[in-house]
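Visitor: Sharing query-v8.pdb (PDB, C-alpha atoms) below.
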```
MODEL        1
ATOM      1  CA  MET N   1      15.735  12.743  18.834
ATOM      2  CA  THR N   2      15.136  11.878  15.184
ATOM      3  CA  LEU N   3      11.720  11.063  13.763
ATOM      4  CA  ILE N   4      10.465   9.904  10.370
ATOM      5  CA  ASP N   5       7.028  10.888   9.069
ATOM      6  CA  SER N   6       6.162   7.799   7.042
ATOM      7  CA  HIS N   7       3.020   9.321   5.492
ATOM      8  CA  ALA N   8       2.736  13.042   4.752
ATOM      9  CA  HIS N   9       0.834  14.893   2.026
ATOM     10  CA  ILE N  10       3.166  17.876   2.443
ATOM     11  CA  TYR N  11       2.610  18.667  -1.257
ATOM     12  CA  SER N  12      -1.098  19.334  -0.542
ATOM     13  CA  GLU N  13      -2.554  22.692  -1.588
ATOM     14  CA  LYS N  14      -3.170  23.253   2.149
ATOM     15  CA  PHE N  15       0.604  23.958   2.309
ATOM     16  CA  GLN N  16       0.663  26.187  -0.760
ATOM     17  CA  GLN N  17       1.417  29.341   1.241
ATOM     18  CA  ASP N  18       4.022  27.964   3.680
ATOM     19  CA  ARG N  19       5.348  24.602   2.489
ATOM     20  CA  ASP N  20       9.026  25.569   2.873
ATOM     21  CA  GLU N  21       8.338  26.928   6.351
ATOM     22  CA  ALA N  22       6.471  23.731   7.307
ATOM     23  CA  VAL N  23       9.487  21.675   6.219
ATOM     24  CA  ALA N  24      11.805  23.942   8.223
ATOM     25  CA  ARG N  25       9.590  23.726  11.327
ATOM     26  CA  ALA N  26       9.596  19.943  11.149
ATOM     27  CA  LEU N  27      13.371  19.720  10.739
ATOM     28  CA  GLU N  28      13.824  21.954  13.770
ATOM     29  CA  ALA N  29      11.584  19.567  15.754
ATOM     30  CA  GLY N  30      13.716  16.564  14.718
ATOM     31  CA  VAL N  31      11.440  15.214  11.963
ATOM     32  CA  GLU N  32      14.071  14.553   9.310
ATOM     33  CA  LYS N  33      12.199  12.840   6.459
ATOM     34  CA  PHE N  34       8.657  12.819   5.100
ATOM     35  CA  TYR N  35       7.504  10.060   2.780
ATOM     36  CA  MET N  36       4.865  11.417   0.407
ATOM     37  CA  PRO N  37       2.091   9.098  -0.845
ATOM     38  CA  ASN N  38       0.582   9.924  -4.218
ATOM     39  CA  ILE N  39      -3.189  10.338  -4.734
ATOM     40  CA  ASP N  40      -3.764  10.278  -8.524
ATOM     41  CA  HIS N  41      -2.689  12.051 -11.729
ATOM     42  CA  THR N  42      -3.567  15.479 -10.268
ATOM     43  CA  SER N  43      -1.009  15.211  -7.437
ATOM     44  CA  ILE N  44       2.045  13.890  -9.286
ATOM     45  CA  ASP N  45       3.511  17.176 -10.540
ATOM     46  CA  VAL N  46       3.293  19.060  -7.254
ATOM     47  CA  MET N  47       4.560  16.031  -5.320
ATOM     48  CA  LEU N  48       7.622  15.703  -7.563
ATOM     49  CA  GLU N  49       8.235  19.474  -7.446
ATOM     50  CA  THR N  50       8.183  19.275  -3.638
ATOM     51  CA  GLU N  51      10.675  16.404  -3.742
ATOM     52  CA  GLU N  52      12.906  18.325  -6.140
ATOM     53  CA  LYS N  53      12.947  21.341  -3.833
ATOM     54  CA  HIS N  54      13.625  19.289  -0.673
ATOM     55  CA  PRO N  55      15.310  16.100  -1.936
ATOM     56  CA  ALA N  56      16.844  15.120   1.414
ATOM     57  CA  GLN N  57      13.568  15.453   3.302
ATOM     58  CA  CYS N  58      10.591  14.900   0.965
ATOM     59  CA  ILE N  59      10.545  11.491  -0.692
ATOM     60  CA  ALA N  60       7.904  10.479  -3.234
ATOM     61  CA  MET N  61       5.880   7.296  -3.546
ATOM     62  CA  MET N  62       3.753   6.378  -6.548
ATOM     63  CA  GLY N  63       0.264   4.905  -6.452
ATOM     64  CA  LEU N  64      -3.468   5.413  -6.880
ATOM     65  CA  HIS N  65      -5.563   6.291  -3.819
ATOM     66  CA  PRO N  66      -8.760   4.230  -3.522
ATOM     67  CA  THR N  67     -11.000   7.303  -3.358
ATOM     68  CA  SER N  68      -9.703   8.213  -6.839
ATOM     69  CA  VAL N  69     -10.742   4.817  -8.239
ATOM     70  CA  ASN N  70     -13.761   5.029 -10.526
ATOM     71  CA  LYS N  71     -14.907   3.501 -13.798
ATOM     72  CA  ASP N  72     -11.831   4.945 -15.585
ATOM     73  CA  PHE N  73      -9.309   3.677 -13.045
ATOM     74  CA  GLU N  74      -7.289   1.740 -15.640
ATOM     75  CA  GLN N  75      -6.035   5.000 -17.161
ATOM     76  CA  GLU N  76      -4.810   6.117 -13.754
ATOM     77  CA  LEU N  77      -3.039   2.794 -13.213
ATOM     78  CA  TYR N  78      -1.305   3.008 -16.604
ATOM     79  CA  LEU N  79       0.147   6.317 -15.438
ATOM     80  CA  VAL N  80       1.289   4.802 -12.123
ATOM     81  CA  GLU N  81       2.916   1.928 -13.996
ATOM     82  CA  GLU N  82       4.589   4.319 -16.424
ATOM     83  CA  TRP N  83       6.060   6.428 -13.615
ATOM     84  CA  LEU N  84       7.308   3.385 -11.700
ATOM     85  CA  GLY N  85       9.171   2.365 -14.842
ATOM     86  CA  LYS N  86      10.710   5.811 -15.305
ATOM     87  CA  ARG N  87      12.450   6.449 -11.991
ATOM     88  CA  LYS N  88      12.902   5.256  -8.405
ATOM     89  CA  PHE N  89      10.155   5.741  -5.835
ATOM     90  CA  ALA N  90      10.201   4.844  -2.137
ATOM     91  CA  ALA N  91       7.039   2.726  -2.287
ATOM     92  CA  VAL N  92       3.833   1.950  -4.150
ATOM     93  CA  GLY N  93       1.029   3.957  -2.592
ATOM     94  CA  GLU N  94      -1.053   5.018  -1.244
ATOM     95  CA  CYS N  95      -3.448   2.339  -2.378
ATOM     96  CA  GLY N  96      -6.026   0.065  -0.841
ATOM     97  CA  ILE N  97      -9.759   0.144  -0.210
ATOM     98  CA  ASP N  98     -11.964   2.918   1.209
ATOM     99  CA  LEU N  99     -15.548   2.030   2.116
ATOM    100  CA  TYR N 100     -16.143   5.091   4.283
ATOM    101  CA  TRP N 101     -17.249   7.512   1.565
ATOM    102  CA  ASP N 102     -18.716   5.250  -1.075
ATOM    103  CA  LYS N 103     -19.020   1.526  -1.781
ATOM    104  CA  THR N 104     -19.997   1.960  -5.468
ATOM    105  CA  PHE N 105     -16.572   1.127  -6.867
ATOM    106  CA  LEU N 106     -15.548  -1.647  -4.467
ATOM    107  CA  PRO N 107     -14.848  -4.161  -7.307
ATOM    108  CA  GLN N 108     -12.708  -1.568  -9.085
ATOM    109  CA  GLN N 109     -10.896  -0.721  -5.844
ATOM    110  CA  GLN N 110     -10.154  -4.404  -5.303
ATOM    111  CA  GLU N 111      -8.819  -4.752  -8.843
ATOM    112  CA  ALA N 112      -6.730  -1.567  -8.550
ATOM    113  CA  LEU N 113      -5.185  -2.860  -5.319
ATOM    114  CA  LYS N 114      -4.315  -6.206  -6.908
ATOM    115  CA  VAL N 115      -2.625  -4.448  -9.839
ATOM    116  CA  GLN N 116      -0.592  -2.247  -7.470
ATOM    117  CA  ILE N 117       0.449  -5.265  -5.395
ATOM    118  CA  GLU N 118       1.892  -6.792  -8.558
ATOM    119  CA  LEU N 119       3.676  -3.522  -9.351
ATOM    120  CA  ALA N 120       5.165  -3.511  -5.837
ATOM    121  CA  LYS N 121       6.439  -7.050  -6.369
ATOM    122  CA  LYS N 122       7.788  -6.257  -9.826
ATOM    123  CA  HIS N 123       9.718  -3.200  -8.629
ATOM    124  CA  GLN N 124      10.608  -4.751  -5.244
ATOM    125  CA  LEU N 125       9.003  -1.887  -3.354
ATOM    126  CA  PRO N 126       7.001  -1.750  -0.134
ATOM    127  CA  ILE N 127       3.281  -0.994  -0.441
ATOM    128  CA  ILE N 128       1.349   1.595   1.569
ATOM    129  CA  LEU N 129      -2.199   0.518   2.380
ATOM    130  CA  HIS N 130      -5.257   2.673   2.997
ATOM    131  CA  THR N 131      -7.895   0.620   4.836
ATOM    132  CA  ARG N 132     -10.625   3.018   5.943
ATOM    133  CA  ASP N 133     -13.645   0.928   6.982
ATOM    134  CA  SER N 134     -12.084  -1.883   4.951
ATOM    135  CA  PHE N 135      -9.500  -3.736   7.043
ATOM    136  CA  ASP N 136     -10.969  -7.181   6.351
ATOM    137  CA  GLU N 137     -11.367  -6.610   2.604
ATOM    138  CA  THR N 138      -7.795  -5.299   2.269
ATOM    139  CA  TYR N 139      -6.312  -7.973   4.533
ATOM    140  CA  GLU N 140      -7.923 -10.727   2.459
ATOM    141  CA  ILE N 141      -6.322  -9.446  -0.758
ATOM    142  CA  ILE N 142      -2.891  -8.945   0.839
ATOM    143  CA  THR N 143      -2.988 -12.393   2.444
ATOM    144  CA  ALA N 144      -3.778 -14.029  -0.898
ATOM    145  CA  ALA N 145      -0.896 -12.155  -2.557
ATOM    146  CA  GLN N 146       1.683 -12.614   0.214
ATOM    147  CA  ASP N 147       4.432 -14.891  -1.059
ATOM    148  CA  GLY N 148       7.043 -13.608   1.379
ATOM    149  CA  SER N 149       8.148 -10.754  -0.859
ATOM    150  CA  LEU N 150       5.489  -8.203   0.124
ATOM    151  CA  LYS N 151       6.312  -5.615   2.782
ATOM    152  CA  GLY N 152       4.603  -2.406   3.695
ATOM    153  CA  ILE N 153       2.460  -0.378   6.057
ATOM    154  CA  PHE N 154      -1.160  -0.533   7.099
ATOM    155  CA  HIS N 155      -1.375   3.263   7.147
ATOM    156  CA  CYS N 156      -3.482   5.059   9.767
ATOM    157  CA  PHE N 157      -3.947   1.865  11.741
ATOM    158  CA  SER N 158      -6.847   2.161  14.184
ATOM    159  CA  GLY N 159      -7.939  -1.460  14.466
ATOM    160  CA  THR N 160      -8.165  -4.028  17.248
ATOM    161  CA  VAL N 161      -5.518  -6.105  19.028
ATOM    162  CA  GLY N 162      -6.558  -9.036  16.803
ATOM    163  CA  GLN N 163      -6.127  -6.980  13.651
ATOM    164  CA  ALA N 164      -2.731  -5.758  14.878
ATOM    165  CA  ALA N 165      -1.681  -9.404  15.264
ATOM    166  CA  LYS N 166      -2.821 -10.105  11.682
ATOM    167  CA  VAL N 167      -0.734  -7.190  10.362
ATOM    168  CA  LYS N 168       2.335  -8.503  12.202
ATOM    169  CA  GLU N 169       1.724 -12.028  10.913
ATOM    170  CA  LEU N 170       1.724 -10.679   7.353
ATOM    171  CA  GLY N 171       5.136  -9.086   7.974
ATOM    172  CA  PHE N 172       3.703  -5.561   7.637
ATOM    173  CA  LEU N 173       4.049  -2.523   9.883
ATOM    174  CA  MET N 174       1.322  -0.380  11.427
ATOM    175  CA  GLY N 175       1.340   3.375  10.755
ATOM    176  CA  ILE N 176       0.393   5.251  13.930
ATOM    177  CA  GLY N 177      -0.678   8.893  13.756
ATOM    178  CA  GLY N 178      -2.838  11.511  15.418
ATOM    179  CA  VAL N 179      -5.621   9.013  16.207
ATOM    180  CA  ALA N 180      -3.378   7.723  19.035
ATOM    181  CA  THR N 181      -3.952  11.043  20.826
ATOM    182  CA  PHE N 182      -7.749  11.058  20.406
ATOM    183  CA  LYS N 183      -9.821  10.340  23.505
ATOM    184  CA  ASN N 184     -11.974   7.739  21.718
ATOM    185  CA  GLY N 185      -9.421   6.748  19.063
ATOM    186  CA  GLY N 186      -9.202   3.199  20.424
ATOM    187  CA  LEU N 187      -5.421   2.853  20.199
ATOM    188  CA  ASP N 188      -5.121   3.092  23.990
ATOM    189  CA  MET N 189      -6.543  -0.451  23.996
ATOM    190  CA  VAL N 190      -4.119  -1.696  21.316
ATOM    191  CA  LEU N 191      -0.692  -0.087  21.703
ATOM    192  CA  PRO N 192       0.053  -1.641  25.128
ATOM    193  CA  HIS N 193      -0.210  -5.059  23.412
ATOM    194  CA  VAL N 194       2.090  -4.497  20.410
ATOM    195  CA  ASN N 195       5.847  -4.131  19.958
ATOM    196  CA  LEU N 196       7.764  -1.074  18.803
ATOM    197  CA  GLU N 197       9.363  -3.199  16.075
ATOM    198  CA  ASP N 198       5.934  -3.352  14.388
ATOM    199  CA  LEU N 199       5.278   0.403  14.248
ATOM    200  CA  VAL N 200       6.113   3.478  12.207
ATOM    201  CA  LEU N 201       4.895   6.991  12.922
ATOM    202  CA  GLU N 202       3.001   9.229  10.519
ATOM    203  CA  THR N 203       1.005  12.440  10.408
ATOM    204  CA  ASP N 204      -1.118  11.946   7.257
ATOM    205  CA  CYS N 205      -0.888  15.739   7.109
ATOM    206  CA  PRO N 206      -2.824  17.890   6.420
ATOM    207  CA  TYR N 207      -5.363  15.501   7.995
ATOM    208  CA  LEU N 208      -5.810  14.023  11.510
ATOM    209  CA  ALA N 209      -3.889  16.580  13.562
ATOM    210  CA  PRO N 210      -3.074  15.249  17.036
ATOM    211  CA  VAL N 211      -4.440  16.715  20.261
ATOM    212  CA  PRO N 212      -4.171  19.634  21.134
ATOM    213  CA  HIS N 213      -4.344  20.666  17.448
ATOM    214  CA  ARG N 214      -7.230  18.371  16.511
ATOM    215  CA  GLY N 215      -9.467  19.888  13.846
ATOM    216  CA  LYS N 216      -6.706  22.157  12.521
ATOM    217  CA  ARG N 217      -4.305  21.570   9.649
ATOM    218  CA  ASN N 218      -1.880  18.818  10.553
ATOM    219  CA  GLU N 219       1.817  19.106   9.708
ATOM    220  CA  PRO N 220       4.985  17.087  10.313
ATOM    221  CA  VAL N 221       6.125  19.342  13.186
ATOM    222  CA  TYR N 222       3.374  17.701  15.285
ATOM    223  CA  LEU N 223       4.860  14.203  14.948
ATOM    224  CA  PRO N 224       6.665  14.425  18.341
ATOM    225  CA  LEU N 225       3.200  14.667  19.968
ATOM    226  CA  VAL N 226       2.319  11.295  18.426
ATOM    227  CA  ALA N 227       5.649   9.803  19.555
ATOM    228  CA  GLN N 228       5.042  11.109  23.080
ATOM    229  CA  ARG N 229       1.569   9.554  23.237
ATOM    230  CA  VAL N 230       2.783   6.215  21.866
ATOM    231  CA  GLY N 231       5.470   6.195  24.557
ATOM    232  CA  GLU N 232       2.904   6.901  27.273
ATOM    233  CA  LEU N 233       0.582   4.119  26.083
ATOM    234  CA  MET N 234       3.410   1.600  25.673
ATOM    235  CA  GLN N 235       5.214   2.739  28.846
ATOM    236  CA  LYS N 236       8.398   3.440  26.903
ATOM    237  CA  PRO N 237      10.596   6.553  26.861
ATOM    238  CA  VAL N 238       9.806   8.782  23.874
ATOM    239  CA  GLU N 239      13.458   8.487  22.795
ATOM    240  CA  GLU N 240      13.026   4.722  22.479
ATOM    241  CA  VAL N 241       9.849   5.182  20.419
ATOM    242  CA  ALA N 242      11.655   7.634  18.139
ATOM    243  CA  ALA N 243      14.698   5.396  17.665
ATOM    244  CA  ALA N 244      12.687   2.242  16.943
ATOM    245  CA  THR N 245      10.139   3.799  14.573
ATOM    246  CA  THR N 246      12.856   5.687  12.691
ATOM    247  CA  ARG N 247      14.830   2.477  12.272
ATOM    248  CA  ASN N 248      11.713   0.605  11.120
ATOM    249  CA  ALA N 249      10.840   3.252   8.530
ATOM    250  CA  LEU N 250      14.369   3.511   7.128
ATOM    251  CA  ASN N 251      14.691  -0.296   6.908
ATOM    252  CA  LEU N 252      11.358  -0.588   5.096
ATOM    253  CA  PHE N 253      11.985   2.176   2.581
ATOM    254  CA  LYS N 254      15.512   0.918   1.845
ATOM    255  CA  LEU N 255      14.169  -2.414   0.552
TER     256      LEU N 255
ENDMDL
END
```
Go through the file and emit its structure as structure tokens.
Guide:
Amino acid sequence: MTLIDSHAHIYSEKFQQDRDEAVARALEAGVEKFYMPNIDHTSIDVMLETEEKHPAQCIAMMGLHPTSVNKDFEQELYLVEEWLGKRKFAAVGECGIDLYWDKTFLPQQQEALKVQIELAKKHQLPIILHTRDSFDETYEIITAAQDGSLKGIFHCFSGTVGQAAKVKELGFLMGIGGVATFKNGGLDMVLPHVNLEDLVLETDCPYLAPVPHRGKRNEPVYLPLVAQRVGELMQKPVEEVAAATTRNALNLFKL
């Protein structure tokens, strides 16, 4: 059984002591690739070093995370643009809107997302969307920009059946992670009503560890627990979940 972790911060300082071991553990569990979303200028070097050390497994994306958007966000975006022009990345991201922590810079977050959408179009790359407490705001911007060329993932999807239908209509995928295993995560009401062709799996490590590891550091080796839970909720064999979500991820990132 092969799995793809479509969203892993394996370069995080939380893996400073055992990153190589974490990669090895995941490979042993059948998790063959981890797509790494960038945060901001502080994460680029360690992300690219991680990719260089594990080029077959750890694959970099380039973007500006909404929680790193502030009054000086243009400087960060210049750097993103510069890197996208220098070499190949798997996607633009992670980017989007986050209204959970702070709403102060919502206009700047909206502008930063629009700029990164244009970069995704220019470089013909998928886009990885962060939509914490901001599905409607992000969806509105993506809908306005969708000309048929935009593809990507609504990362850490935890919305409603209606929102899942909107994601599908846009031609995007939903990233499903540890929240699927949470008792009150809400995905038990959604996953029975969606298709495997619309999903990819993710850990978002080191965050959002699945049950029974909830509250601890997450890592890619736990992805099979997410696959298992998705299979239970969708009444599909875990092997079918693994095959479909792996295919979906590889097709998206090969754009």
Visitor: Might you pull out every residue within 9 Å of Arg214 of chain N, with only C-alpha atoms counted and same-chain residues fewer than 5 positions away left off, and present them as a list in words?
Guide: Gly178, Phe182, Leu208 and Ala209 of chain N
Visitor: Counting only C-alpha atoms, give me one row per residue of segment 106-204 of chain N with an atom at most 10 Å from an atom of segment 215-226 of chain N, showing the shortest contact pair and its distance in Å to one decimal, sorted by chain then residue number, as a Markdown table.
Guide:
```
| residue | atom | partner | partner_atom | distance |
| --- | --- | --- | --- | --- |
| N:Ile176 | CA | N:Val226 | CA | 7.8 |
| N:Gly177 | CA | N:Val226 | CA | 6.0 |
| N:Gly178 | CA | N:Val226 | CA | 6.0 |
| N:Val179 | CA | N:Val226 | CA | 8.6 |
| N:Ala180 | CA | N:Val226 | CA | 6.8 |
| N:Thr181 | CA | N:Val226 | CA | 6.7 |
| N:Leu201 | CA | N:Val226 | CA | 7.4 |
| N:Glu202 | CA | N:Leu223 | CA | 6.9 |
| N:Thr203 | CA | N:Pro220 | CA | 6.1 |
| N:Asp204 | CA | N:Asn218 | CA | 7.7 |
```
Visitor: Where does the PyMOL selection byres ((chain N and resi 37) around 8) land in this file, that is, which residues does it pick, as a ChimeraX atom specification?
Guide: /N:7-9,35-36,38-39,60-63,93-94,128
Visitor: Return as a PyMOL selection string the set of residues that the PyMOL selection byres ((chain N and resi 99) around 12) yields on the displayed structure.
Guide: chain N and resi 66-67+69+96-98+100-107+109-110+130-138
Visitor: Could you list, as a list in words, every residue matched by the PyMOL selection byres ((chain N and resi 170) around 9) in this structure?
Guide: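 Checking the PyMOL selection byres ((chain N and resi 170) around 9) against this file, the residues are Tyr139, Ile142, Thr143, Gln146, Gly148, Leu150, Lys151, Ala165, Lys166, Val167, Lys168, Glu169, Gly171, Phe172 and Leu173 of chain N.
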Visitor: Within 7 Å of segment 46-51 of chain N, counting all atoms listed in the file, which residues show up once you throw out same-chain ones fewer than 6 positions away? Write them as a list in words, please.
Guide: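 Once the adjacent positions are removed, what remains is Tyr11, Cys58, Ile59 and Ala60 of chain N.
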Visitor: What does the file look like for those residues with C-alpha atoms, as an mmCIF file, in the coordinates of the input?
Guide:
```cif
data_model
loop_
_atom_site.group_PDB
_atom_site.id
_atom_site.type_symbol
_atom_site.label_atom_id
_atom_site.label_comp_id
_atom_site.auth_asym_id
_atom_site.auth_seq_id
_atom_site.Cartn_x
_atom_site.Cartn_y
_atom_site.Cartn_z
ATOM 1 C CA TYR N 11 2.610 18.667 -1.257
ATOM 2 C CA CYS N 58 10.591 14.900 0.965
ATOM 3 C CA ILE N 59 10.545 11.491 -0.692
ATOM 4 C CA ALA N 60 7.904 10.479 -3.234
#
```
Visitor: Report the distance between atom CA of Ala144 of chain N and atom CA of His193 of chain N in Å, rounded to one decimal place.
Guide: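 Separation of atom CA of Ala144 of chain N and atom CA of His193 of chain N: 26.2 Å.
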Visitor: Please, can segment 116-126 of chain N be completed to all heavy atoms and returned as a compact mmCIF listing (two decimals), in the frame of the given file?
Guide:
```
# COMPACT_ATOMS: atom_id res chain seq x y z
N GLN N 116 -1.69 -2.96 -8.14
CA GLN N 116 -0.59 -2.25 -7.47
C GLN N 116 0.26 -3.19 -6.61
O GLN N 116 1.46 -2.96 -6.45
CB GLN N 116 -1.15 -1.07 -6.66
CG GLN N 116 -1.66 0.02 -7.61
CD GLN N 116 -2.30 1.19 -6.90
OE1 GLN N 116 -1.62 2.17 -6.59
NE2 GLN N 116 -3.59 1.09 -6.64
N ILE N 117 -0.34 -4.24 -6.10
CA ILE N 117 0.45 -5.26 -5.40
C ILE N 117 1.45 -5.89 -6.36
O ILE N 117 2.63 -6.08 -6.03
CB ILE N 117 -0.48 -6.35 -4.80
CG1 ILE N 117 -1.25 -5.80 -3.60
CG2 ILE N 117 0.32 -7.59 -4.39
CD1 ILE N 117 -2.37 -6.70 -3.11
N GLU N 118 0.99 -6.20 -7.56
CA GLU N 118 1.89 -6.79 -8.56
C GLU N 118 2.99 -5.82 -8.96
O GLU N 118 4.14 -6.23 -9.19
CB GLU N 118 1.09 -7.27 -9.78
CG GLU N 118 0.19 -8.47 -9.50
CD GLU N 118 0.89 -9.60 -8.76
OE1 GLU N 118 1.99 -10.02 -9.21
OE2 GLU N 118 0.37 -10.07 -7.73
N LEU N 119 2.66 -4.53 -9.04
CA LEU N 119 3.68 -3.52 -9.35
C LEU N 119 4.71 -3.43 -8.22
O LEU N 119 5.91 -3.29 -8.48
CB LEU N 119 3.01 -2.15 -9.57
CG LEU N 119 2.22 -2.00 -10.87
CD1 LEU N 119 1.44 -0.69 -10.89
CD2 LEU N 119 3.14 -2.08 -12.09
N ALA N 120 4.24 -3.53 -6.98
CA ALA N 120 5.16 -3.51 -5.84
C ALA N 120 6.12 -4.70 -5.89
O ALA N 120 7.33 -4.56 -5.65
CB ALA N 120 4.38 -3.52 -4.52
N LYS N 121 5.59 -5.86 -6.25
CA LYS N 121 6.44 -7.05 -6.37
C LYS N 121 7.43 -6.88 -7.51
O LYS N 121 8.63 -7.18 -7.36
CB LYS N 121 5.58 -8.28 -6.61
CG LYS N 121 4.80 -8.77 -5.39
CD LYS N 121 3.98 -10.00 -5.73
CE LYS N 121 3.25 -10.56 -4.52
NZ LYS N 121 2.46 -11.76 -4.85
N LYS N 122 6.94 -6.42 -8.64
CA LYS N 122 7.79 -6.26 -9.83
C LYS N 122 8.97 -5.31 -9.55
O LYS N 122 10.10 -5.59 -9.95
CB LYS N 122 6.95 -5.71 -10.99
CG LYS N 122 7.75 -5.45 -12.26
CD LYS N 122 6.87 -4.86 -13.35
CE LYS N 122 7.69 -4.49 -14.58
NZ LYS N 122 6.85 -3.87 -15.63
N HIS N 123 8.68 -4.20 -8.87
CA HIS N 123 9.72 -3.20 -8.63
C HIS N 123 10.40 -3.37 -7.27
O HIS N 123 11.22 -2.54 -6.88
CB HIS N 123 9.12 -1.80 -8.76
CG HIS N 123 8.68 -1.46 -10.16
ND1 HIS N 123 9.55 -1.08 -11.14
CD2 HIS N 123 7.45 -1.49 -10.73
CE1 HIS N 123 8.88 -0.87 -12.27
NE2 HIS N 123 7.61 -1.12 -12.05
N GLN N 124 10.03 -4.44 -6.55
CA GLN N 124 10.61 -4.75 -5.24
C GLN N 124 10.50 -3.56 -4.29
O GLN N 124 11.48 -3.14 -3.67
CB GLN N 124 12.07 -5.21 -5.40
CG GLN N 124 12.19 -6.49 -6.21
CD GLN N 124 13.63 -6.95 -6.36
OE1 GLN N 124 14.48 -6.20 -6.83
NE2 GLN N 124 13.90 -8.16 -5.93
N LEU N 125 9.28 -3.05 -4.20
CA LEU N 125 9.00 -1.89 -3.35
C LEU N 125 7.98 -2.24 -2.28
O LEU N 125 7.11 -3.09 -2.49
CB LEU N 125 8.43 -0.74 -4.20
CG LEU N 125 9.38 -0.07 -5.19
CD1 LEU N 125 8.60 0.91 -6.07
CD2 LEU N 125 10.52 0.64 -4.47
N PRO N 126 8.07 -1.59 -1.12
CA PRO N 126 7.00 -1.75 -0.13
C PRO N 126 5.70 -1.13 -0.65
O PRO N 126 5.72 -0.31 -1.58
CB PRO N 126 7.52 -1.00 1.10
CG PRO N 126 8.58 -0.09 0.61
CD PRO N 126 9.13 -0.68 -0.66
```
